[in-house]
file final19.cif (mmCIF, C-alpha atoms and all ligand atoms)
data_model
#
loop_
_atom_site.label_atom_id
_atom_site.label_comp_id
_atom_site.auth_asym_id
_atom_site.auth_seq_id
_atom_site.Cartn_x
_atom_site.Cartn_y
_atom_site.Cartn_z
CA MET A 8 10.08 27.32 -19.60
CA CYS A 9 13.58 27.64 -20.96
CA THR A 10 13.26 29.64 -24.18
CA ASN A 11 16.64 31.25 -24.39
CA ILE A 12 19.96 29.92 -23.19
CA ASN A 13 22.59 32.59 -22.61
CA LEU A 14 25.92 30.86 -22.06
CA ASN A 15 27.47 33.99 -20.55
CA ILE A 16 25.23 33.89 -17.50
CA LEU A 17 25.34 30.16 -16.84
CA PRO A 18 26.19 29.71 -13.15
CA THR A 19 27.28 26.09 -13.48
CA LYS A 20 27.43 23.43 -16.10
CA ILE A 21 24.12 22.35 -17.60
CA ASN A 22 23.01 18.81 -16.79
CA LEU A 23 21.66 17.47 -20.08
CA LEU A 24 19.29 15.18 -18.14
CA ASP A 25 17.35 18.33 -17.23
CA LEU A 26 16.51 19.01 -20.90
CA ASP A 27 13.80 17.60 -23.13
CA GLU A 28 14.26 17.56 -26.90
CA LYS A 29 13.12 21.15 -27.43
CA LYS A 30 15.33 22.56 -24.70
CA MET A 31 18.28 20.47 -25.86
CA GLN A 32 17.76 21.80 -29.38
CA LEU A 33 18.04 25.37 -28.06
CA PHE A 34 21.13 24.48 -26.13
CA ILE A 35 22.72 22.74 -29.12
CA SER A 36 22.11 25.66 -31.45
CA SER A 37 23.48 28.06 -28.82
CA ILE A 38 26.84 26.27 -28.96
CA GLY A 39 26.91 26.39 -32.73
CA ALA A 40 26.36 22.64 -33.30
CA LYS A 41 24.18 21.23 -36.09
CA SER A 42 20.62 20.41 -35.03
CA PHE A 43 21.04 16.64 -35.64
CA THR A 44 23.48 16.64 -32.70
CA THR A 45 20.44 16.71 -30.39
CA GLU A 46 19.18 13.40 -31.77
CA GLN A 47 22.68 11.93 -31.53
CA ILE A 48 23.10 12.95 -27.89
CA MET A 49 19.63 11.76 -26.89
CA LYS A 50 20.26 8.37 -28.53
CA TRP A 51 23.59 8.04 -26.70
CA ILE A 52 21.95 8.82 -23.38
CA TYR A 53 18.63 7.02 -23.63
CA ASN A 54 19.33 4.17 -26.07
CA TYR A 55 22.92 3.30 -25.24
CA ASN A 56 23.22 4.51 -21.62
CA CYS A 57 26.37 6.37 -22.60
CA HIS A 58 26.99 9.41 -20.42
CA ASP A 59 30.53 10.26 -21.54
CA PHE A 60 30.84 12.83 -24.34
CA ASN A 61 34.31 11.46 -25.23
CA LYS A 62 32.72 8.15 -26.28
CA MET A 63 30.13 9.77 -28.57
CA PHE A 64 32.24 9.08 -31.63
CA ASN A 65 29.74 10.34 -34.22
CA ILE A 66 29.94 13.87 -32.77
CA SER A 67 32.89 16.03 -33.86
CA LYS A 68 35.78 16.47 -31.42
CA LYS A 69 35.28 20.25 -31.44
CA ILE A 70 31.67 19.94 -30.33
CA ARG A 71 32.52 17.24 -27.78
CA ASN A 72 35.12 19.56 -26.23
CA LYS A 73 32.56 22.33 -26.05
CA LEU A 74 30.01 20.02 -24.50
CA ASN A 75 32.57 18.96 -21.87
CA GLN A 76 33.29 22.59 -21.02
CA ILE A 77 29.75 23.75 -20.41
CA SER A 78 27.62 20.69 -19.76
CA TYR A 79 27.61 17.24 -18.26
CA ILE A 80 25.35 14.21 -17.94
CA ASN A 81 24.85 13.67 -14.24
CA MET A 82 22.72 10.65 -13.35
CA LYS A 83 21.88 10.14 -9.67
CA ASN A 84 22.64 6.54 -8.77
CA PHE A 85 20.47 4.33 -6.59
CA SER A 86 22.19 3.85 -3.25
CA GLU A 87 20.15 0.96 -1.82
CA GLU A 88 18.05 -1.90 -3.15
CA ARG A 89 15.43 -4.00 -1.34
CA ILE A 90 13.77 -6.97 -2.96
CA SER A 91 10.35 -8.23 -1.81
CA SER A 92 9.32 -11.89 -1.65
CA ASP A 93 6.79 -11.08 -4.42
CA GLY A 94 9.53 -9.76 -6.78
CA THR A 95 8.83 -6.08 -6.19
CA ILE A 96 12.03 -4.03 -5.90
CA LYS A 97 12.45 -0.79 -3.99
CA TRP A 98 15.39 1.47 -4.79
CA ILE A 99 16.55 4.42 -2.76
CA THR A 100 18.33 7.48 -4.12
CA SER A 101 20.27 9.66 -1.68
CA LEU A 102 20.09 13.36 -2.38
CA ASN A 103 22.50 14.98 0.07
CA ASN A 104 21.05 13.97 3.45
CA GLN A 105 17.67 12.98 2.12
CA LYS A 106 16.25 9.94 0.38
CA ILE A 107 13.62 9.29 -2.24
CA GLU A 108 12.18 5.95 -3.30
CA THR A 109 11.42 4.25 -6.61
CA VAL A 110 9.52 0.96 -6.92
CA TYR A 111 9.56 -1.69 -9.67
CA ILE A 112 6.52 -3.97 -9.84
CA PRO A 113 6.85 -6.95 -12.21
CA GLU A 114 3.61 -8.65 -13.28
CA LYS A 115 2.77 -11.33 -15.85
CA LYS A 116 1.87 -9.00 -18.68
CA ARG A 117 3.55 -5.77 -17.65
CA SER A 118 6.29 -4.30 -15.52
CA THR A 119 5.64 -0.98 -13.89
CA LEU A 120 8.07 1.58 -12.52
CA CYS A 121 6.61 3.84 -9.83
CA ILE A 122 8.57 7.08 -9.55
CA SER A 123 8.75 9.95 -7.08
CA SER A 124 8.21 13.61 -7.95
CA GLN A 125 9.04 15.42 -4.70
CA ILE A 126 11.12 14.93 -1.55
CA GLY A 127 8.17 14.29 0.76
CA CYS A 128 4.82 15.91 0.08
CA PRO A 129 3.28 19.09 1.49
CA LEU A 130 -0.34 17.97 1.21
CA LYS A 131 -0.51 15.98 4.43
CA CYS A 132 -3.25 13.49 3.56
CA LYS A 133 -3.93 11.83 6.90
CA PHE A 134 -3.74 8.24 5.65
CA CYS A 135 -0.41 8.62 3.80
CA ALA A 136 3.05 8.00 5.21
CA THR A 137 4.67 10.38 2.68
CA GLY A 138 2.30 13.15 3.77
CA LYS A 139 3.17 12.54 7.43
CA GLU A 140 6.86 12.87 6.67
CA GLY A 141 6.62 16.53 5.60
CA PHE A 142 8.08 18.21 2.56
CA ASN A 143 11.46 19.49 1.48
CA ARG A 144 11.52 20.31 -2.22
CA ASN A 145 10.51 19.42 -5.74
CA LEU A 146 12.69 16.98 -7.66
CA LYS A 147 14.61 18.32 -10.64
CA VAL A 148 13.93 16.83 -14.07
CA SER A 149 17.32 15.06 -13.92
CA GLU A 150 16.38 13.50 -10.55
CA ILE A 151 13.10 12.22 -11.98
CA ILE A 152 14.72 10.95 -15.18
CA SER A 153 17.63 9.35 -13.25
CA GLN A 154 15.12 7.05 -11.51
CA ILE A 155 14.14 5.60 -14.90
CA LEU A 156 17.68 5.46 -16.32
CA GLN A 157 18.98 3.76 -13.18
CA ALA A 158 16.12 1.24 -13.12
CA LYS A 159 16.76 0.39 -16.78
CA ILE A 160 20.43 -0.20 -16.06
CA ARG A 161 19.69 -2.36 -13.00
CA LEU A 162 17.03 -4.40 -14.79
CA LYS A 163 19.34 -5.17 -17.75
CA GLN A 164 17.22 -7.06 -20.30
CA LYS A 165 13.95 -6.77 -18.40
CA LYS A 166 11.69 -4.14 -19.88
CA ILE A 167 9.82 -1.39 -18.14
CA THR A 168 6.44 -1.36 -19.92
CA ASN A 169 4.65 1.24 -17.77
CA ILE A 170 5.60 4.27 -15.73
CA VAL A 171 3.40 5.64 -12.96
CA PHE A 172 3.86 8.91 -11.05
CA MET A 173 2.64 7.35 -7.81
CA GLY A 174 5.74 7.47 -5.65
CA MET A 175 6.60 10.18 -3.13
CA GLY A 176 5.04 13.57 -3.71
CA GLU A 177 2.26 15.30 -5.57
CA PRO A 178 3.34 15.51 -9.22
CA LEU A 179 1.06 18.43 -10.09
CA LEU A 180 2.83 20.60 -7.51
CA ASN A 181 5.97 20.10 -9.63
CA LEU A 182 4.21 20.67 -12.92
CA ASN A 183 6.92 22.26 -15.07
CA ASN A 184 9.48 19.57 -14.23
CA ILE A 185 6.87 16.84 -14.69
CA ILE A 186 5.97 18.17 -18.15
CA THR A 187 9.64 18.24 -19.20
CA SER A 188 10.13 14.72 -17.79
CA LEU A 189 7.03 13.48 -19.62
CA ASN A 190 8.37 14.94 -22.86
CA ILE A 191 11.55 12.88 -22.38
CA ILE A 192 9.60 9.73 -21.45
CA LEU A 193 7.35 10.07 -24.52
CA HIS A 194 9.94 11.17 -27.10
CA LYS A 195 11.11 8.55 -29.60
CA ASN A 196 14.75 9.39 -28.86
CA GLY A 197 14.01 9.48 -25.12
CA PHE A 198 12.35 6.48 -23.46
CA GLY A 199 9.80 6.24 -26.29
CA LEU A 200 6.88 5.08 -24.16
CA SER A 201 3.34 5.44 -25.46
CA LYS A 202 1.02 7.83 -23.62
CA ARG A 203 -1.28 4.93 -22.74
CA ARG A 204 1.52 3.44 -20.67
CA ILE A 205 2.10 6.45 -18.47
CA THR A 206 -0.13 7.30 -15.51
CA LEU A 207 -0.04 10.37 -13.34
CA SER A 208 -1.80 10.11 -10.00
CA THR A 209 -2.96 13.31 -8.37
CA SER A 210 -4.89 14.45 -5.37
CA GLY A 211 -6.32 17.16 -7.62
CA ILE A 212 -4.47 20.46 -7.98
CA ILE A 213 -7.01 21.98 -10.33
CA PRO A 214 -5.09 24.86 -12.00
CA ALA A 215 -2.20 22.49 -12.68
CA LEU A 216 -4.53 19.79 -14.02
CA ASP A 217 -6.10 22.32 -16.39
CA LYS A 218 -2.66 23.39 -17.57
CA LEU A 219 -1.53 19.77 -18.02
CA SER A 220 -4.59 19.15 -20.17
CA GLN A 221 -3.41 21.84 -22.62
CA LYS A 222 0.10 20.37 -22.77
CA ILE A 223 0.13 16.59 -22.53
CA ASP A 224 -2.22 13.65 -22.86
CA ILE A 225 -1.49 10.74 -20.50
CA ASN A 226 -3.51 8.45 -18.24
CA LEU A 227 -4.89 10.17 -15.18
CA ALA A 228 -5.54 8.58 -11.81
CA ILE A 229 -7.45 10.73 -9.34
CA SER A 230 -6.99 10.18 -5.61
CA LEU A 231 -10.62 10.74 -4.67
CA HIS A 232 -10.86 8.53 -1.56
CA ALA A 233 -14.18 9.95 -0.37
CA PRO A 234 -17.76 10.17 -1.67
CA ASN A 235 -18.46 13.63 -0.23
CA ASN A 236 -16.65 16.82 0.79
CA TYR A 237 -17.28 16.25 4.48
CA ILE A 238 -15.21 13.04 4.52
CA ARG A 239 -12.66 14.27 1.97
CA ASN A 240 -12.04 17.45 3.99
CA SER A 241 -11.33 15.35 7.03
CA ILE A 242 -8.72 13.09 5.38
CA MET A 243 -7.33 15.27 2.56
CA PRO A 244 -6.76 18.93 3.54
CA ILE A 245 -6.34 19.91 -0.15
CA ASN A 246 -10.09 19.34 -0.57
CA LYS A 247 -10.77 22.56 1.34
CA LYS A 248 -9.10 24.40 -1.53
CA TYR A 249 -10.23 22.22 -4.46
CA ASN A 250 -13.40 20.35 -3.60
CA ILE A 251 -14.85 17.24 -5.21
CA GLN A 252 -17.24 19.03 -7.57
CA SER A 253 -14.62 21.38 -9.00
CA LEU A 254 -12.13 18.51 -9.25
CA LEU A 255 -14.57 16.30 -11.18
CA SER A 256 -15.44 19.14 -13.52
CA SER A 257 -11.73 19.70 -14.24
CA VAL A 258 -11.35 15.92 -14.84
CA SER A 259 -14.26 16.04 -17.33
CA LYS A 260 -12.50 18.84 -19.20
CA TYR A 261 -9.27 16.80 -19.30
CA LEU A 262 -11.15 13.79 -20.68
CA LYS A 263 -12.63 15.83 -23.52
CA HIS A 264 -9.13 16.42 -24.95
CA SER A 265 -7.75 12.99 -24.10
CA ASN A 266 -7.12 9.86 -26.18
CA ALA A 267 -4.99 8.20 -23.55
CA ASN A 268 -7.95 7.89 -21.19
CA HIS A 269 -10.24 6.29 -23.77
CA ASN A 270 -11.51 3.82 -21.16
CA GLY A 271 -12.14 6.61 -18.68
CA VAL A 272 -10.15 8.10 -15.86
CA THR A 273 -8.99 5.91 -12.96
CA ILE A 274 -10.57 6.84 -9.64
CA GLU A 275 -8.43 5.76 -6.68
CA TYR A 276 -10.29 5.06 -3.45
CA VAL A 277 -8.41 3.95 -0.37
CA MET A 278 -10.50 1.68 1.87
CA LEU A 279 -10.52 3.03 5.42
CA HIS A 280 -12.40 1.08 8.08
CA ASN A 281 -15.50 2.93 9.33
CA ILE A 282 -14.57 6.12 7.49
CA ASN A 283 -15.45 5.78 3.82
CA ASP A 284 -16.32 2.11 3.35
CA SER A 285 -20.08 1.64 3.95
CA ILE A 286 -22.70 0.63 1.35
CA LYS A 287 -24.13 4.15 1.65
CA HIS A 288 -20.71 5.56 0.73
CA ALA A 289 -20.52 3.25 -2.29
CA GLU A 290 -23.95 4.46 -3.42
CA GLU A 291 -22.90 8.07 -2.92
CA LEU A 292 -19.68 7.48 -4.88
CA SER A 293 -21.62 5.93 -7.77
CA TYR A 294 -23.87 8.97 -7.80
CA ILE A 295 -21.12 11.60 -7.94
CA LEU A 296 -19.31 9.66 -10.67
CA ARG A 297 -22.44 9.00 -12.74
CA ASN A 298 -21.36 11.41 -15.52
CA ILE A 299 -17.60 10.72 -15.42
CA PRO A 300 -16.34 7.87 -17.62
CA SER A 301 -14.27 6.07 -15.01
CA LYS A 302 -12.85 2.82 -13.68
CA ILE A 303 -12.61 2.58 -9.94
CA ASN A 304 -9.57 1.17 -8.22
CA LEU A 305 -10.15 0.29 -4.56
CA ILE A 306 -6.90 0.38 -2.58
CA PRO A 307 -6.70 -1.61 0.65
CA TRP A 308 -5.11 0.85 3.07
CA ASN A 309 -1.49 0.08 3.98
CA VAL A 310 -0.42 0.47 7.54
CA PHE A 311 2.48 2.67 8.66
CA LYS A 312 3.90 3.77 12.01
CA TYR A 313 1.95 6.19 14.21
CA SER A 314 -1.20 6.07 12.14
CA ASN A 315 -4.70 5.71 13.61
CA PHE A 316 -6.42 4.19 10.58
CA LYS A 317 -7.43 0.61 9.96
CA CYS A 318 -7.91 -1.06 6.62
CA SER A 319 -11.45 -2.19 5.77
CA SER A 320 -11.94 -5.96 5.94
CA SER A 321 -11.80 -7.87 2.67
CA ASP A 322 -15.53 -8.67 3.02
CA THR A 323 -16.33 -4.97 3.30
CA ILE A 324 -14.12 -4.19 0.29
CA ASN A 325 -15.86 -6.88 -1.78
CA VAL A 326 -19.34 -5.64 -0.83
CA PHE A 327 -18.28 -2.06 -1.67
CA ALA A 328 -16.87 -3.20 -5.04
CA ASN A 329 -20.08 -5.07 -5.88
CA VAL A 330 -22.26 -2.03 -5.22
CA LEU A 331 -20.11 -0.07 -7.67
CA ARG A 332 -20.21 -2.91 -10.21
CA ASN A 333 -24.00 -3.08 -9.94
CA HIS A 334 -24.02 0.58 -10.93
CA GLY A 335 -22.01 -0.36 -14.03
CA PHE A 336 -18.54 0.75 -12.90
CA ASN A 337 -15.53 -1.29 -13.90
CA THR A 338 -14.12 -1.84 -10.39
CA THR A 339 -10.86 -3.48 -9.39
CA ILE A 340 -9.23 -4.09 -6.03
CA ARG A 341 -5.55 -3.17 -6.04
CA LYS A 342 -3.14 -5.94 -5.14
CA ASN A 343 -0.71 -4.49 -2.72
CA ARG A 344 2.77 -5.40 -3.79
CA GLY A 345 6.02 -5.11 -1.85
CA LYS A 346 4.42 -4.68 1.58
CA ASP A 347 7.25 -6.62 3.28
CA ILE A 348 9.76 -3.99 2.13
CA ASN A 349 7.43 -1.00 2.72
CA ALA A 350 7.12 -0.42 -1.01
CA ALA A 351 3.32 -0.46 -1.28
CA CYS A 352 1.11 2.59 -1.93
CA GLY A 353 1.46 5.23 0.72
CA GLN A 354 4.32 3.46 2.49
CA LEU A 355 7.13 5.40 0.82
CA VAL A 356 8.73 7.67 3.34
CA GLY A 357 12.31 8.03 2.16
CA ASN A 358 14.15 10.42 4.40
CA VAL A 359 12.85 13.97 4.35
CA ILE A 360 14.20 16.99 6.16
CA SER A 361 10.86 18.71 6.45
CA ARG A 362 10.79 22.43 5.92
CA ASN A 363 7.05 22.45 6.67
CA LYS A 364 6.37 24.51 3.61
CA LYS A 365 2.82 25.42 2.83
CA PRO A 366 1.53 23.82 -0.38
CA PHE A 367 2.52 25.92 -3.36
CA ILE A 368 1.86 25.77 -7.02
CA ILE A 369 4.32 26.45 -9.77
CA LEU A 370 2.47 27.27 -12.96
N1 LIG B 401 0.35 12.38 -4.59
C1 LIG B 401 -0.25 11.59 -5.57
C2 LIG B 401 0.56 10.35 -5.95
C3 LIG B 401 1.23 9.56 -4.88
S1 LIG B 401 0.34 8.51 -3.83
C4 LIG B 401 -1.64 11.21 -5.15
O1 LIG B 401 -1.99 11.40 -4.00
O2 LIG B 401 -2.39 10.76 -6.01
C5 LIG B 401 -0.22 7.11 -4.80
C6 LIG B 401 -1.58 6.56 -4.30
O3 LIG B 401 -1.46 5.89 -3.02
C7 LIG B 401 -2.60 7.67 -4.09
O4 LIG B 401 -3.86 7.28 -4.57
C8 LIG B 401 -2.63 7.76 -2.58
O5 LIG B 401 -3.78 8.38 -2.10
C9 LIG B 401 -2.50 6.33 -2.16
N2 LIG B 401 -2.10 6.14 -0.76
C10 LIG B 401 -1.49 7.02 0.05
N3 LIG B 401 -1.28 6.47 1.27
C11 LIG B 401 -1.79 5.21 1.23
C12 LIG B 401 -1.84 4.13 2.17
N4 LIG B 401 -1.31 4.22 3.38
N5 LIG B 401 -2.41 2.98 1.76
C13 LIG B 401 -2.89 2.84 0.51
N6 LIG B 401 -2.85 3.83 -0.43
C14 LIG B 401 -2.31 5.00 -0.07
FE1 LIG B 402 0.85 13.70 -0.93
FE2 LIG B 402 -0.43 11.91 -2.43
FE3 LIG B 402 0.38 11.28 0.05
FE4 LIG B 402 -1.61 13.00 -0.26
S1 LIG B 402 -1.61 10.82 -0.86
S2 LIG B 402 0.13 13.25 1.12
S3 LIG B 402 -0.99 14.04 -2.12
S4 LIG B 402 1.68 11.75 -1.68
#
call {"tool": "encode", "arguments": {"input": "final19.cif", "output": "structure tokens", "more": "lines below"}}
Ligand code: SAH
Ligand code: SF4
result
Amino acid sequence: MCTNINLNILPTKINLLDLDEKKMQLFISSIGAKSFTTEQIMKWIYNYNCHDFNKMFNISKKIRNKLNQISYINMKNFSEERISSDGTIKWITSLNNQKIETVYIPEKKRSTLCISSQIGCPLKCKFCATGKEGFNRNLKVSEIISQILQAKIRLKQKKITNIVFMGMGEPLLNLNNIITSLNIILHKNGFGLSKRRITLSTSGIIPALDKLSQKIDINLAISLHAPNNYIRNSIMPINKKYNIQSLLSSVSKYLKHSNANHNGVTIEYVMLHNINDSIKHAEELSYILRNIPSKINLIPWNVFKYSNFKCSSSDTINVFANVLRNHGFNTTIRKNRGKDINAACGQLVGNVISRNKKPFIIL
């Protein structure tokens, strides 16, 4: 965490989109400006989409000059837009030679922005196109925040009511930047979203989940996808490090401190033909979740190139859902949006120059 900003050793200008309110406050006091300048700058950026210090007329000229010398507001623009027949929009951001993807999903009662946290993903889940693509690096806070700022600009009057970390990458492998980004999303002078409207989906990086639980309360979605370790090991390599039992116990701990998840955690379960979709599997899933307040979201598997999986039939998915419902679980079947533009779950590949890094954890 940035606790001390020494201007003498700054290698380059500071991008203010990398700073949450606390970090900006440190920066502001280090340049000798009054503390209310932080609120003024955040309002200019996040309320008025103004990224030019010279136009921030309520800040003194002296401070504006200083800001221009040592900092900037550098938003990454979307470079491509694809619109689905169902209204879903996919935007692409180019980062040097690579690409990340952001998806906007309008519905009757809410409009969700699905954002990416990494360029690719190192966890290599077998059923996921992002995992197949390999991994390059974590996104910076400014690259995460730019996705939201850009979407807001493109959507003009249309509101983003919900934000989900379900795009490319495993957010808990980029924990520090995700926490700073969440602080900006939640702050009243940032995007001002309520914690109930933010969801982080994770395949279950336990130390990071435990740390998140001490820092921030938001909705959790857990990519479980299997009712036992045998199946989970075979489709999600991360399970060999953090197995189902330890993951569920970490989730229980998170729930104890959480208001945002008052209706329980969301359990994501991708429906894979002949792999995890039998009645026996549904019974097994009900059993392992018996003590976890949860709602189960069944995700019809989305096809991508060079994959050997098949999606379960809709009959199988309905039977599976009914077994869970009979056990008292609130169970929904996810509508896959934006399939015609490859914007649905697990279809986001971007363009990743894979460095085949082993999974790592920044804590
Ligand atoms: N890395 C995080 C978030 C990104 S993936 C995670 O794994 O939770 C968002 C969701 O889409 C996850 O539940 C993921 O398992 C699921 N998913 C991945 N590939 C998919 C595919 N081909 N079809 C359907 N869902 C998929
Ligand atoms: Fe990574 Fe999530 Fe895809 Fe697994 S499902 S490879 S964790 S993005």
call {"tool": "atom_distance", "arguments": {"input": "final19.cif", "atom1": "atom S4 of ligand LIG 402 (chain B)", "atom2": "atom CA of A:Gly176"}}
result
4.3 Å
call {"tool": "closest_residue", "arguments": {"input": "final19.cif", "among": "A:Asn240, A:Ser210, A:Ser301, A:Asn103", "to": "ligand LIG 401 (chain B)", "atoms": "all atoms listed in the file"}}
result
A:Ser210
call {"tool": "residues_near_ligand", "arguments": {"input": "final19.cif", "ligand": "ligand LIG 402 (chain B)", "cutoff": "9 Å", "atoms": "only C-alpha atoms and all ligand atoms", "output": "PyMOL selection string"}}
result
chain A and resi 125+127-141+173-178+208-211+230+243-245+352-353+355
call {"tool": "write_last_selection", "arguments": {"input": "final19.cif", "atoms": "C-alpha atoms", "output": "PDB file, in the frame of the given file"}}
result
ATOM      1  CA  GLN A 125       9.040  15.420  -4.700  1.00  0.00           C
ATOM      2  CA  GLY A 127       8.170  14.290   0.760  1.00  0.00           C
ATOM      3  CA  CYS A 128       4.820  15.910   0.080  1.00  0.00           C
ATOM      4  CA  PRO A 129       3.280  19.090   1.490  1.00  0.00           C
ATOM      5  CA  LEU A 130      -0.340  17.970   1.210  1.00  0.00           C
ATOM      6  CA  LYS A 131      -0.510  15.980   4.430  1.00  0.00           C
ATOM      7  CA  CYS A 132      -3.250  13.490   3.560  1.00  0.00           C
ATOM      8  CA  LYS A 133      -3.930  11.830   6.900  1.00  0.00           C
ATOM      9  CA  PHE A 134      -3.740   8.240   5.650  1.00  0.00           C
ATOM     10  CA  CYS A 135      -0.410   8.620   3.800  1.00  0.00           C
ATOM     11  CA  ALA A 136       3.050   8.000   5.210  1.00  0.00           C
ATOM     12  CA  THR A 137       4.670  10.380   2.680  1.00  0.00           C
ATOM     13  CA  GLY A 138       2.300  13.150   3.770  1.00  0.00           C
ATOM     14  CA  LYS A 139       3.170  12.540   7.430  1.00  0.00           C
ATOM     15  CA  GLU A 140       6.860  12.870   6.670  1.00  0.00           C
ATOM     16  CA  GLY A 141       6.620  16.530   5.600  1.00  0.00           C
ATOM     17  CA  MET A 173       2.640   7.350  -7.810  1.00  0.00           C
ATOM     18  CA  GLY A 174       5.740   7.470  -5.650  1.00  0.00           C
ATOM     19  CA  MET A 175       6.600  10.180  -3.130  1.00  0.00           C
ATOM     20  CA  GLY A 176       5.040  13.570  -3.710  1.00  0.00           C
ATOM     21  CA  GLU A 177       2.260  15.300  -5.570  1.00  0.00           C
ATOM     22  CA  PRO A 178       3.340  15.510  -9.220  1.00  0.00           C
ATOM     23  CA  SER A 208      -1.800  10.110 -10.000  1.00  0.00           C
ATOM     24  CA  THR A 209      -2.960  13.310  -8.370  1.00  0.00           C
ATOM     25  CA  SER A 210      -4.890  14.450  -5.370  1.00  0.00           C
ATOM     26  CA  GLY A 211      -6.320  17.160  -7.620  1.00  0.00           C
ATOM     27  CA  SER A 230      -6.990  10.180  -5.610  1.00  0.00           C
ATOM     28  CA  MET A 243      -7.330  15.270   2.560  1.00  0.00           C
ATOM     29  CA  PRO A 244      -6.760  18.930   3.540  1.00  0.00           C
ATOM     30  CA  ILE A 245      -6.340  19.910  -0.150  1.00  0.00           C
ATOM     31  CA  CYS A 352       1.110   2.590  -1.930  1.00  0.00           C
ATOM     32  CA  GLY A 353       1.460   5.230   0.720  1.00  0.00           C
ATOM     33  CA  LEU A 355       7.130   5.400   0.820  1.00  0.00           C
TER      34      LEU A 355
END
call {"tool": "atom_distance", "arguments": {"input": "final19.cif", "atom1": "atom CA of A:Ser259", "atom2": "atom CA of A:Ala289"}}
result
20.7 Å
call {"tool": "closest_residue", "arguments": {"input": "final19.cif", "among": "A:Ile185, A:His232, A:Gly357, A:Ile303", "to": "A:Glu87", "atoms": "all atoms listed in the file"}}
result
A:Gly357
call {"tool": "residues_around", "arguments": {"input": "final19.cif", "residues": "stretch 112-115 of chain A", "least_positions_apart": "5", "cutoff": "9 Å", "atoms": "all atoms listed in the file", "output": "list in words"}}
result
Asp93, Gly94, Thr95, Ile96, Lys97, Leu120, Cys121, Ile167, Arg344 and Gly345 of chain A
call {"tool": "atom_distance", "arguments": {"input": "final19.cif", "atom1": "atom CA of A:Thr109", "atom2": "atom O2 of ligand LIG 401 (chain B)"}}
result
15.3 Å
call {"tool": "closest_residue", "arguments": {"input": "final19.cif", "among": "A:Arg239, A:His269, A:Lys83, A:His264", "to": "ligand LIG 401 (chain B)", "atoms": "only C-alpha atoms and all ligand atoms"}}
result
A:Arg239
call {"tool": "residues_around", "arguments": {"input": "final19.cif", "residues": "stretch 308-325 of chain A", "least_positions_apart": "4", "cutoff": "6 Å", "atoms": "only C-alpha atoms", "output": "ChimeraX atom specification"}}
result
/A:277-280
call {"tool": "axis_aligned_box", "arguments": {"input": "final19.cif", "around": "ligand LIG 401 (chain B)", "padding_each_side": "8 Å", "output": "JSON"}}
result
{"center_x": -1.3, "center_y": 7.6, "center_z": -1.3, "size_x": 21.1, "size_y": 25.5, "size_z": 25.4}
call {"tool": "residues_around", "arguments": {"input": "final19.cif", "residues": "A:Cys57", "least_positions_apart": "5", "cutoff": "12 Å", "atoms": "all atoms listed in the file", "output": "list in words"}}
result
Gln47, Ile48, Met49, Lys50, Trp51, Ile52, Lys62, Met63, Phe64, Tyr79, Ile80, Asn81, Met82, Leu156 and Ile160 of chain A
call {"tool": "closest_residue", "arguments": {"input": "final19.cif", "among": "A:Glu290, A:Glu28, A:Asp347, A:Glu150", "to": "A:Asn333", "atoms": "only C-alpha atoms"}}
result
A:Glu290
call {"tool": "closest_residue", "arguments": {"input": "final19.cif", "among": "A:Ile126, A:Ile192, A:Ala215, A:Leu231", "to": "ligand LIG 401 (chain B)", "atoms": "only C-alpha atoms and all ligand atoms"}}
result
A:Leu231
call {"tool": "closest_residue", "arguments": {"input": "final19.cif", "among": "A:Met31, A:Val330, A:Ala233, A:Ile70", "to": "ligand LIG 401 (chain B)", "atoms": "all atoms listed in the file"}}
result
A:Ala233
